[in-house]
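Okay, upload14.txt is below, compact mmCIF, C-alpha atoms:
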# COMPACT_ATOMS: atom_id res chain seq x y z
CA MET U 7 60.82 47.82 56.30
CA HIS U 8 62.06 47.49 59.87
CA VAL U 9 63.23 44.08 61.03
CA PRO U 10 63.79 43.44 64.75
CA SER U 11 67.36 42.70 65.73
CA LYS U 12 66.58 39.65 67.86
CA SER U 13 67.44 36.14 66.76
CA ILE U 14 64.80 34.15 64.92
CA PRO U 15 64.01 31.10 67.08
CA SER U 16 62.52 28.86 64.37
CA LEU U 17 65.49 28.88 62.02
CA ASP U 18 67.70 26.52 64.01
CA GLY U 19 64.81 24.06 64.04
CA ILE U 20 64.49 24.34 60.27
CA ARG U 21 68.23 23.73 59.95
CA ALA U 22 67.86 20.59 62.06
CA VAL U 23 65.05 19.26 59.86
CA SER U 24 67.13 19.99 56.75
CA ILE U 25 70.25 18.22 57.95
CA LEU U 26 68.20 15.18 59.00
CA ILE U 27 66.68 15.02 55.50
CA VAL U 28 70.18 15.07 54.00
CA LEU U 29 71.42 12.44 56.45
CA PHE U 30 68.56 10.03 55.82
CA SER U 31 69.13 10.35 52.11
CA HIS U 32 72.88 9.75 52.29
CA VAL U 33 72.68 6.65 54.50
CA GLY U 34 70.70 4.82 51.85
CA LEU U 35 67.16 6.20 51.84
CA GLY U 36 67.63 8.52 48.90
CA HIS U 37 64.91 6.71 46.97
CA ILE U 38 62.43 7.67 49.73
CA VAL U 39 63.81 10.82 51.37
CA PRO U 40 64.63 13.66 48.93
CA GLY U 41 68.06 14.68 50.18
CA GLY U 42 68.38 17.36 47.51
CA PHE U 43 65.36 19.09 49.01
CA GLY U 44 67.22 19.42 52.31
CA VAL U 45 69.91 21.37 50.45
CA THR U 46 67.24 23.50 48.76
CA VAL U 47 65.87 24.39 52.19
CA PHE U 48 69.37 25.38 53.33
CA PHE U 49 69.67 27.62 50.26
CA PHE U 50 66.31 29.26 50.93
CA LEU U 51 67.11 29.76 54.62
CA SER U 52 70.46 31.33 53.81
CA GLY U 53 68.89 33.82 51.40
CA TYR U 54 66.15 34.69 53.88
CA LEU U 55 68.45 35.16 56.85
CA ILE U 56 71.22 37.10 55.10
CA THR U 57 68.73 39.42 53.41
CA THR U 58 66.93 40.00 56.71
CA LEU U 59 70.25 41.03 58.27
CA LEU U 60 71.15 43.28 55.32
CA VAL U 61 67.75 44.97 55.47
CA GLN U 62 68.20 45.50 59.19
CA GLU U 63 71.67 47.00 58.75
CA PHE U 64 70.57 49.32 55.96
CA HIS U 65 67.58 50.45 58.02
CA SER U 66 69.78 51.40 60.97
CA LYS U 67 72.79 52.84 59.09
CA GLN U 68 71.50 53.68 55.60
CA SER U 69 74.44 51.68 54.32
CA ILE U 70 76.08 48.25 54.56
CA ASP U 71 79.64 47.54 55.65
CA ILE U 72 80.44 44.97 52.99
CA GLY U 73 83.96 44.37 54.31
CA ARG U 74 82.57 43.35 57.68
CA PHE U 75 79.96 41.19 55.97
CA TYR U 76 82.64 39.13 54.23
CA PHE U 77 84.86 38.98 57.30
CA ARG U 78 81.98 37.58 59.40
CA ARG U 79 81.22 34.97 56.75
CA PHE U 80 84.88 33.95 56.56
CA LEU U 81 85.09 33.45 60.33
CA ARG U 82 81.85 31.47 60.31
CA LEU U 83 82.48 29.22 57.32
CA ALA U 84 86.21 28.74 56.79
CA PRO U 85 87.47 27.19 60.09
CA PRO U 86 85.00 24.24 60.20
CA LEU U 87 85.54 23.66 56.48
CA LEU U 88 89.33 23.48 56.86
CA ILE U 89 89.04 21.14 59.85
CA ALA U 90 86.66 18.79 58.02
CA LEU U 91 88.85 18.75 54.90
CA THR U 92 91.99 18.10 56.97
CA ILE U 93 90.34 15.03 58.50
CA ALA U 94 89.15 13.77 55.10
CA TYR U 95 92.50 14.22 53.35
CA LEU U 96 94.43 12.63 56.23
CA LEU U 97 92.12 9.61 56.13
CA VAL U 98 92.78 9.20 52.41
CA LEU U 99 96.54 9.54 52.89
CA ALA U 100 96.36 6.93 55.68
CA GLY U 101 94.52 4.52 53.38
CA GLN U 102 91.37 4.60 55.51
CA LEU U 103 89.09 6.43 53.06
CA GLY U 104 88.52 6.11 49.34
CA GLY U 105 88.96 8.85 46.81
CA GLY U 106 92.13 10.75 46.11
CA VAL U 107 94.29 13.71 46.96
CA SER U 108 95.21 16.49 44.57
CA TRP U 109 96.12 20.12 44.88
CA GLN U 110 93.60 21.01 42.18
CA GLY U 111 90.75 19.36 44.06
CA PHE U 112 91.79 20.79 47.43
CA LEU U 113 92.11 24.33 46.10
CA ALA U 114 88.76 24.04 44.31
CA GLN U 115 87.15 23.03 47.59
CA ILE U 116 88.65 25.67 49.86
CA PHE U 117 88.09 28.44 47.31
CA TYR U 118 84.45 27.43 46.74
CA PHE U 119 84.78 26.20 43.18
CA ALA U 120 83.90 22.58 43.98
CA ASN U 121 80.69 22.51 41.96
CA TYR U 122 82.18 23.53 38.62
CA TYR U 123 85.33 21.52 39.34
CA GLN U 124 83.20 18.40 39.80
CA LEU U 125 81.22 19.17 36.66
CA PHE U 126 83.93 20.08 34.19
CA TRP U 127 87.46 19.41 35.48
CA ASP U 128 87.49 16.58 38.00
CA PRO U 129 89.25 13.63 36.32
CA GLY U 130 87.92 11.31 39.06
CA GLN U 131 89.46 10.19 42.36
CA SER U 132 91.03 13.60 42.93
CA THR U 133 89.20 14.44 46.17
CA PRO U 134 88.29 12.36 49.24
CA ASP U 135 85.06 10.38 49.20
CA GLY U 136 82.24 12.29 50.84
CA THR U 137 83.58 15.77 50.16
CA ASN U 138 81.49 16.18 47.01
CA VAL U 139 78.77 17.76 49.19
CA LEU U 140 80.85 20.94 49.08
CA TRP U 141 79.22 21.85 45.77
CA SER U 142 76.42 23.53 47.72
CA LEU U 143 78.84 25.76 49.63
CA ALA U 144 80.25 26.89 46.29
CA VAL U 145 76.77 27.87 45.07
CA GLU U 146 76.15 29.96 48.18
CA GLU U 147 79.51 31.69 48.12
CA HIS U 148 79.28 32.53 44.42
CA PHE U 149 75.93 34.17 45.14
CA TYR U 150 77.23 36.15 48.09
CA LEU U 151 80.29 37.38 46.22
CA GLY U 152 78.00 39.81 44.41
CA TYR U 153 74.74 39.97 46.32
CA PRO U 154 75.67 42.56 49.00
CA PHE U 155 76.93 44.95 46.31
CA VAL U 156 73.80 44.45 44.21
CA PHE U 157 71.51 44.80 47.21
CA LEU U 158 73.18 48.02 48.37
CA ALA U 159 73.14 49.56 44.89
CA LEU U 160 69.47 48.71 44.37
CA ARG U 161 68.38 49.70 47.87
CA ARG U 162 69.68 53.22 47.38
CA HIS U 163 67.14 53.68 44.57
CA LEU U 164 64.41 51.09 45.21
CA SER U 165 62.32 49.94 48.15
CA SER U 166 62.78 46.46 49.58
CA ARG U 167 59.57 45.34 47.90
CA GLN U 168 60.74 46.64 44.52
CA ILE U 169 64.02 44.76 44.90
CA GLY U 170 61.94 41.67 45.59
CA TRP U 171 60.23 42.07 42.22
CA VAL U 172 63.62 42.44 40.52
CA LEU U 173 64.82 39.20 42.13
CA MET U 174 61.60 37.45 41.13
CA VAL U 175 62.19 38.36 37.48
CA LEU U 176 65.77 37.10 37.81
CA SER U 177 64.47 33.81 39.27
CA LEU U 178 62.19 33.33 36.28
CA LEU U 179 65.08 34.01 33.92
CA ILE U 180 67.10 31.31 35.70
CA LEU U 181 64.14 28.95 35.25
CA ALA U 182 64.16 29.71 31.51
CA TRP U 183 67.92 29.06 31.40
CA ARG U 184 67.45 25.69 33.12
CA TYR U 185 64.75 24.77 30.65
CA HIS U 186 67.04 25.67 27.74
CA LEU U 187 69.79 23.43 29.12
CA ALA U 188 67.47 20.57 30.03
CA THR U 189 66.05 20.31 26.52
CA GLN U 190 69.42 20.07 24.78
CA VAL U 191 70.62 16.81 23.24
CA GLY U 192 72.97 14.97 25.60
CA PHE U 193 71.80 16.89 28.68
CA GLU U 194 73.05 15.59 32.04
CA SER U 195 71.02 16.41 35.15
CA THR U 196 74.19 17.11 37.14
CA ARG U 197 74.62 20.27 35.04
CA THR U 198 71.50 21.90 36.47
CA TYR U 199 71.74 20.28 39.91
CA TYR U 200 75.25 21.42 40.84
CA ALA U 201 75.88 24.65 38.92
CA THR U 202 75.58 28.08 40.47
CA ASP U 203 73.95 29.60 37.39
CA THR U 204 71.10 27.10 37.61
CA ARG U 205 70.61 26.84 41.39
CA ILE U 206 70.93 30.33 42.85
CA ASP U 207 67.20 30.95 42.47
CA SER U 208 66.73 28.61 45.44
CA ILE U 209 68.58 31.28 47.42
CA LEU U 210 66.74 34.10 45.67
CA TRP U 211 63.30 32.89 46.80
CA GLY U 212 64.47 33.21 50.40
CA CYS U 213 65.70 36.73 49.65
CA ILE U 214 62.34 37.57 48.09
CA LEU U 215 60.46 36.47 51.22
CA ALA U 216 62.71 38.66 53.38
CA LEU U 217 62.20 41.66 51.10
CA MET U 218 58.50 41.48 50.31
CA VAL U 219 56.62 39.88 53.22
CA ASN U 220 59.21 39.28 55.92
CA PRO U 221 57.38 37.45 58.73
CA TRP U 222 59.95 38.50 61.31
CA ALA U 223 59.04 42.16 60.80
CA GLY U 224 55.71 41.57 62.52
CA THR U 225 56.53 39.05 65.22
CA LEU U 226 56.55 41.59 68.03
CA ASN U 227 52.75 41.77 67.73
CA ARG U 228 52.09 38.24 66.59
CA GLY U 229 48.83 36.47 67.38
CA LYS U 230 47.11 33.30 66.36
CA ALA U 231 47.36 32.28 62.73
CA GLY U 232 44.25 33.16 60.76
CA ILE U 233 42.67 31.47 57.76
CA LEU U 234 44.97 33.13 55.19
CA PRO U 235 48.32 31.90 56.59
CA TRP U 236 46.88 28.43 57.19
CA THR U 237 45.56 28.31 53.63
CA ALA U 238 48.91 29.47 52.24
CA LEU U 239 50.68 26.83 54.34
CA ILE U 240 48.45 24.06 53.01
CA ILE U 241 48.95 25.24 49.42
CA GLY U 242 52.71 25.32 49.97
CA CYS U 243 52.69 21.76 51.32
CA LEU U 244 50.62 20.56 48.35
CA MET U 245 53.05 22.23 45.94
CA LEU U 246 55.94 20.45 47.61
CA LEU U 247 54.12 17.14 47.39
CA VAL U 248 53.53 17.65 43.66
CA SER U 249 57.19 18.56 43.16
CA PHE U 250 58.19 15.24 44.75
CA LEU U 251 55.67 13.10 42.88
CA ILE U 252 56.33 14.26 39.33
CA ARG U 253 59.26 12.20 38.04
CA ASP U 254 59.62 13.64 34.53
CA GLU U 255 63.31 14.51 34.09
CA VAL U 256 62.76 17.87 32.39
CA PHE U 257 60.34 18.92 35.14
CA ARG U 258 62.71 17.76 37.87
CA GLU U 259 65.59 19.83 36.51
CA THR U 260 63.56 22.93 35.66
CA LEU U 261 60.22 23.76 37.28
CA ARG U 262 60.80 21.58 40.36
CA TYR U 263 63.27 24.01 41.91
CA THR U 264 61.00 26.97 41.20
CA MET U 265 57.96 25.23 42.68
CA GLN U 266 59.88 24.31 45.79
CA GLY U 267 61.21 27.85 46.20
CA VAL U 268 57.72 29.33 45.95
CA ALA U 269 56.27 26.62 48.22
CA LEU U 270 58.84 27.30 50.92
CA MET U 271 57.72 30.92 51.22
CA PRO U 272 54.46 30.20 53.13
CA LEU U 273 56.17 27.44 55.14
CA PHE U 274 58.91 29.76 56.30
CA TYR U 275 56.44 32.58 56.85
CA PHE U 276 54.35 30.37 59.11
CA ALA U 277 57.34 28.94 61.00
CA VAL U 278 58.83 32.37 61.69
CA ARG U 279 55.59 34.29 62.27
CA TYR U 280 53.76 31.64 64.31
CA PRO U 281 56.46 29.53 66.03
CA ASP U 282 54.24 28.80 69.04
CA THR U 283 51.56 26.92 67.11
CA LEU U 284 51.32 23.20 67.83
CA LEU U 285 52.62 22.42 64.35
CA MET U 286 55.76 24.56 64.65
CA ARG U 287 56.51 24.17 68.35
CA PRO U 288 58.87 21.18 67.82
CA LEU U 289 61.22 23.53 65.93
CA LYS U 290 61.92 25.19 69.29
CA TRP U 291 62.65 22.02 71.26
CA SER U 292 66.09 22.38 72.84
CA PHE U 293 67.70 19.30 71.27
CA ILE U 294 66.29 20.22 67.84
CA LYS U 295 67.66 23.76 68.12
CA GLU U 296 71.05 22.40 69.21
CA LEU U 297 71.11 20.07 66.22
CA GLY U 298 70.37 23.11 64.06
CA VAL U 299 73.27 25.01 65.58
CA TYR U 300 75.52 22.08 64.70
CA SER U 301 74.04 21.59 61.22
CA TYR U 302 76.81 23.32 59.23
CA SER U 303 79.59 21.24 60.77
CA ILE U 304 77.46 18.09 60.54
CA TYR U 305 76.89 18.76 56.85
CA LEU U 306 80.63 19.16 56.24
CA ILE U 307 81.65 15.87 57.84
CA HIS U 308 78.67 13.49 57.68
CA PHE U 309 79.19 12.10 54.16
CA VAL U 310 82.89 11.50 54.83
CA ILE U 311 81.82 9.46 57.87
CA VAL U 312 79.23 7.54 55.80
CA HIS U 313 81.88 6.54 53.25
CA PHE U 314 84.44 5.74 55.95
CA LEU U 315 82.05 3.44 57.84
CA GLN U 316 80.77 1.68 54.72
CA GLN U 317 84.32 1.03 53.55
CA ARG U 318 85.35 -0.36 56.94
CA SER U 319 82.58 -2.89 57.62
CA ALA U 320 79.68 -4.61 55.85
CA LEU U 321 77.62 -4.00 59.00
CA PHE U 322 77.10 -0.45 57.85
CA GLN U 323 75.14 -1.54 54.82
CA ASN U 324 72.25 -1.42 57.29
CA TRP U 325 70.88 2.09 56.90
CA LEU U 326 69.59 2.40 60.46
CA LEU U 327 72.89 1.46 62.08
CA LEU U 328 74.71 3.69 59.61
CA PHE U 329 72.39 6.60 60.40
CA VAL U 330 72.75 6.27 64.19
CA VAL U 331 76.55 6.00 64.14
CA THR U 332 76.97 8.73 61.50
CA LEU U 333 74.73 11.11 63.43
CA ALA U 334 76.53 10.40 66.69
CA LEU U 335 80.01 10.91 65.22
CA SER U 336 78.90 13.98 63.27
CA VAL U 337 77.43 15.56 66.40
CA MET U 338 80.63 14.81 68.31
CA PHE U 339 82.65 16.52 65.58
CA ALA U 340 80.29 19.50 65.46
CA SER U 341 80.26 19.81 69.25
CA ALA U 342 84.05 19.90 69.34
CA VAL U 343 84.14 22.54 66.59
CA GLU U 344 81.55 24.59 68.47
CA ARG U 345 83.35 24.34 71.80
CA TYR U 346 86.95 24.86 70.74
CA VAL U 347 86.65 26.96 67.60
CA ASP U 348 83.32 28.58 66.81
CA SER U 349 82.48 29.73 70.35
CA ARG U 350 85.70 31.73 70.39
CA LEU U 351 85.26 33.13 66.89
CA ARG U 352 81.65 34.05 67.62
CA ARG U 353 82.88 36.71 70.05
CA VAL U 354 85.13 38.10 67.32
CA ARG U 355 82.27 38.11 64.81
CA ALA U 356 80.06 39.93 67.29
CA ARG U 357 82.47 42.87 67.30
CA TYR U 358 81.98 43.25 63.55
CA HIS U 359 78.19 43.48 63.50
Turn the structure described in the file into structure tokens.
Amino acid sequence: MHVPSKSIPSLDGIRAVSILIVLFSHVGLGHIVPGGFGVTVFFFLSGYLITTLLVQEFHSKQSIDIGRFYFRRFLRLAPPLLIALTIAYLLVLAGQLGGGVSWQGFLAQIFYFANYYQLFWDPGQSTPDGTNVLWSLAVEEHFYLGYPFVFLALRRHLSSRQIGWVLMVLSLLILAWRYHLATQVGFESTRTYYATDTRIDSILWGCILALMVNPWAGTLNRGKAGILPWTALIIGCLMLLVSFLIRDEVFRETLRYTMQGVALMPLFYFAVRYPDTLLMRPLKWSFIKELGVYSYSIYLIHFVIVHFLQQRSALFQNWLLLFVVTLALSVMFASAVERYVDSRLRRVRARYH
């Protein structure tokens, strides 16, 4: 399957929507806005985009330069992470932020082991407040430690569509594993929410879309959306609604993630394939796209800012004020990272594509 080498205009808009969902949840609206779903969307998007790029590279070279893949990811992810952690740890040391400082916690965070560290080894107060969001980065990096090797090995013997079926079977096995854990005596929902072995299927469903029905492969000849994509979009939205409404704990820690992964497939397909429809056009608005570009750095720093502000003044118990100030400071941080760090490293990354 050939995938055009242009950028995909809708994805930055989807990133912006995802980070806003997370922000609204973390400023005090978690009982209304499902912040965890924003992370699930980030997982799905990551799987879709990375797989699209791997398919493209294999199509053009009949191979994948895995060393360059990891070097590009390091240059993209590590500098903003180190800057955000430096700020958080300095604030704790200065007595301006709650939490703690420990070498174990710091090393777990920079080496992408934060999720299992939080689950099994964190004694409490060993990392700065607000840095617990790094669990999701750990899930992604654990997945990508092996995925390029697996993809390359399978692609040499199977078509993209056949690999998609393999990943679908793996996703169902992960669902069965979650169900096994969730029905054990003494089960804690954090086990299935944070752990790589129970959450990577949210990434896999994005990979499956890229492998089996990649909407970007046909965008050069795109037209108006017909009945089928509209119907699939409506079904996907209804599935998401059901996944939010059912509050049974076993469902929420098992089938919910699978339903959301499947439901995101038609939503992403529609957004990528038909970005000029009235429904999807806002994803291409300039300020929305810019927010999407900043979303990674915003994600790294926003919860630290939330904790810092709430610990400094009772005024920030008001969710609206907290949201506005957190968003403004997070965007300022992300803009600085983009201007002084990432814009320079982007040129380096471009030489390794």
What separation in Å, quoted to one decimal, exists between CA of Leu83 (chain U) and CA of Val139 (chain U)? 14.5 Å
With only C-alpha atoms as the counted atoms, please give the residues lying no more than 12 Å from Thr92 (chain U), apart from itself and same-chain residues fewer than 3 positions off, as a ChimeraX atom specification. /U:85-89,95-99,107,112,115-116,133-134,137,306-307,310
Could you build a table of the residues in region 169-233 of chain U lying no more than 12 Å from region 266-290 of chain U, giving for each the nearest pair of atoms and their separation in Å rounded to one decimal place, using only C-alpha atoms, ordered by chain and ascending residue number, as CSV?
residue,atom,partner,partner_atom,distance
U:Met174,CA,U:Val268,CA,10.2
U:Ser177,CA,U:Gly267,CA,9.7
U:Leu178,CA,U:Gly267,CA,11.4
U:Leu181,CA,U:Gly267,CA,11.4
U:Arg205,CA,U:Gly267,CA,10.6
U:Ile206,CA,U:Gly267,CA,10.6
U:Asp207,CA,U:Gly267,CA,7.7
U:Ser208,CA,U:Gly267,CA,5.6
U:Ile209,CA,U:Gly267,CA,8.2
U:Leu210,CA,U:Gly267,CA,8.4
U:Trp211,CA,U:Gly267,CA,5.5
U:Gly212,CA,U:Met271,CA,7.2
U:Cys213,CA,U:Met271,CA,10.0
U:Ile214,CA,U:Met271,CA,8.7
U:Leu215,CA,U:Met271,CA,6.2
U:Ala216,CA,U:Tyr275,CA,9.4
U:Leu217,CA,U:Met271,CA,11.6
U:Met218,CA,U:Met271,CA,10.6
U:Val219,CA,U:Tyr275,CA,8.2
U:Asn220,CA,U:Tyr275,CA,7.3
U:Pro221,CA,U:Arg279,CA,5.1
U:Trp222,CA,U:Arg279,CA,6.1
U:Ala223,CA,U:Arg279,CA,8.7
U:Gly224,CA,U:Arg279,CA,7.3
U:Thr225,CA,U:Arg279,CA,5.7
U:Leu226,CA,U:Arg279,CA,9.3
U:Asn227,CA,U:Arg279,CA,9.7
U:Arg228,CA,U:Arg279,CA,6.8
U:Gly229,CA,U:Tyr280,CA,7.6
U:Lys230,CA,U:Tyr280,CA,7.2
U:Ala231,CA,U:Tyr280,CA,6.6
U:Gly232,CA,U:Tyr280,CA,10.3
U:Ile233,CA,U:Phe276,CA,11.8
Which of U:Ala100, U:Val312, U:Val172, U:Val337 sits closest to Glu296 (chain U) [using all atoms listed in the file]: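 Closest candidate: U:Val337.
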Restricting the calculation to only C-alpha atoms: of U:Val347, U:Tyr118, U:Arg262, U:Phe75, which residue gets closest to Leu247 (chain U)? U:Arg262
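Checking U:Val256, U:Val156, U:Leu351, U:Ala94 one by one against His186 (chain U), counting all atoms listed in the file, you find the shortest gap at U:Val256.
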Nearby residues, (81.5, 20.9, 70.5) file frame, 12 Å, all atoms listed in the file, as a ChimeraX atom specification: /U:86,296-297,299-301,303-304,335-350
CA of Tyr54 (chain U) to CA of Leu246 (chain U): how many Å, to one decimal? 18.6 Å
Atomic separation - CA of Gly298 (chain U) relative to CA of Ile180 (chain U), Å: 29.7 Å
Nearest to Gly19 (chain U): which of U:Ile294, U:Ala114, U:Ile70, U:Leu315 is it, counting only C-alpha atoms?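 Closest residue, counting only C-alpha atoms: U:Ile294.
Nearest residue to Ser24 (chain U), choosing from U:Leu328, U:Arg355, U:Tyr302, U:Phe77 and counting only C-alpha atoms: U:Tyr302.
For the set U:Ser108, U:Thr57, U:Gln102, U:Ser319, the residue with the smallest atom-to-atom gap to Gly130 (chain U) is U:Ser108, counting all atoms listed in the file.
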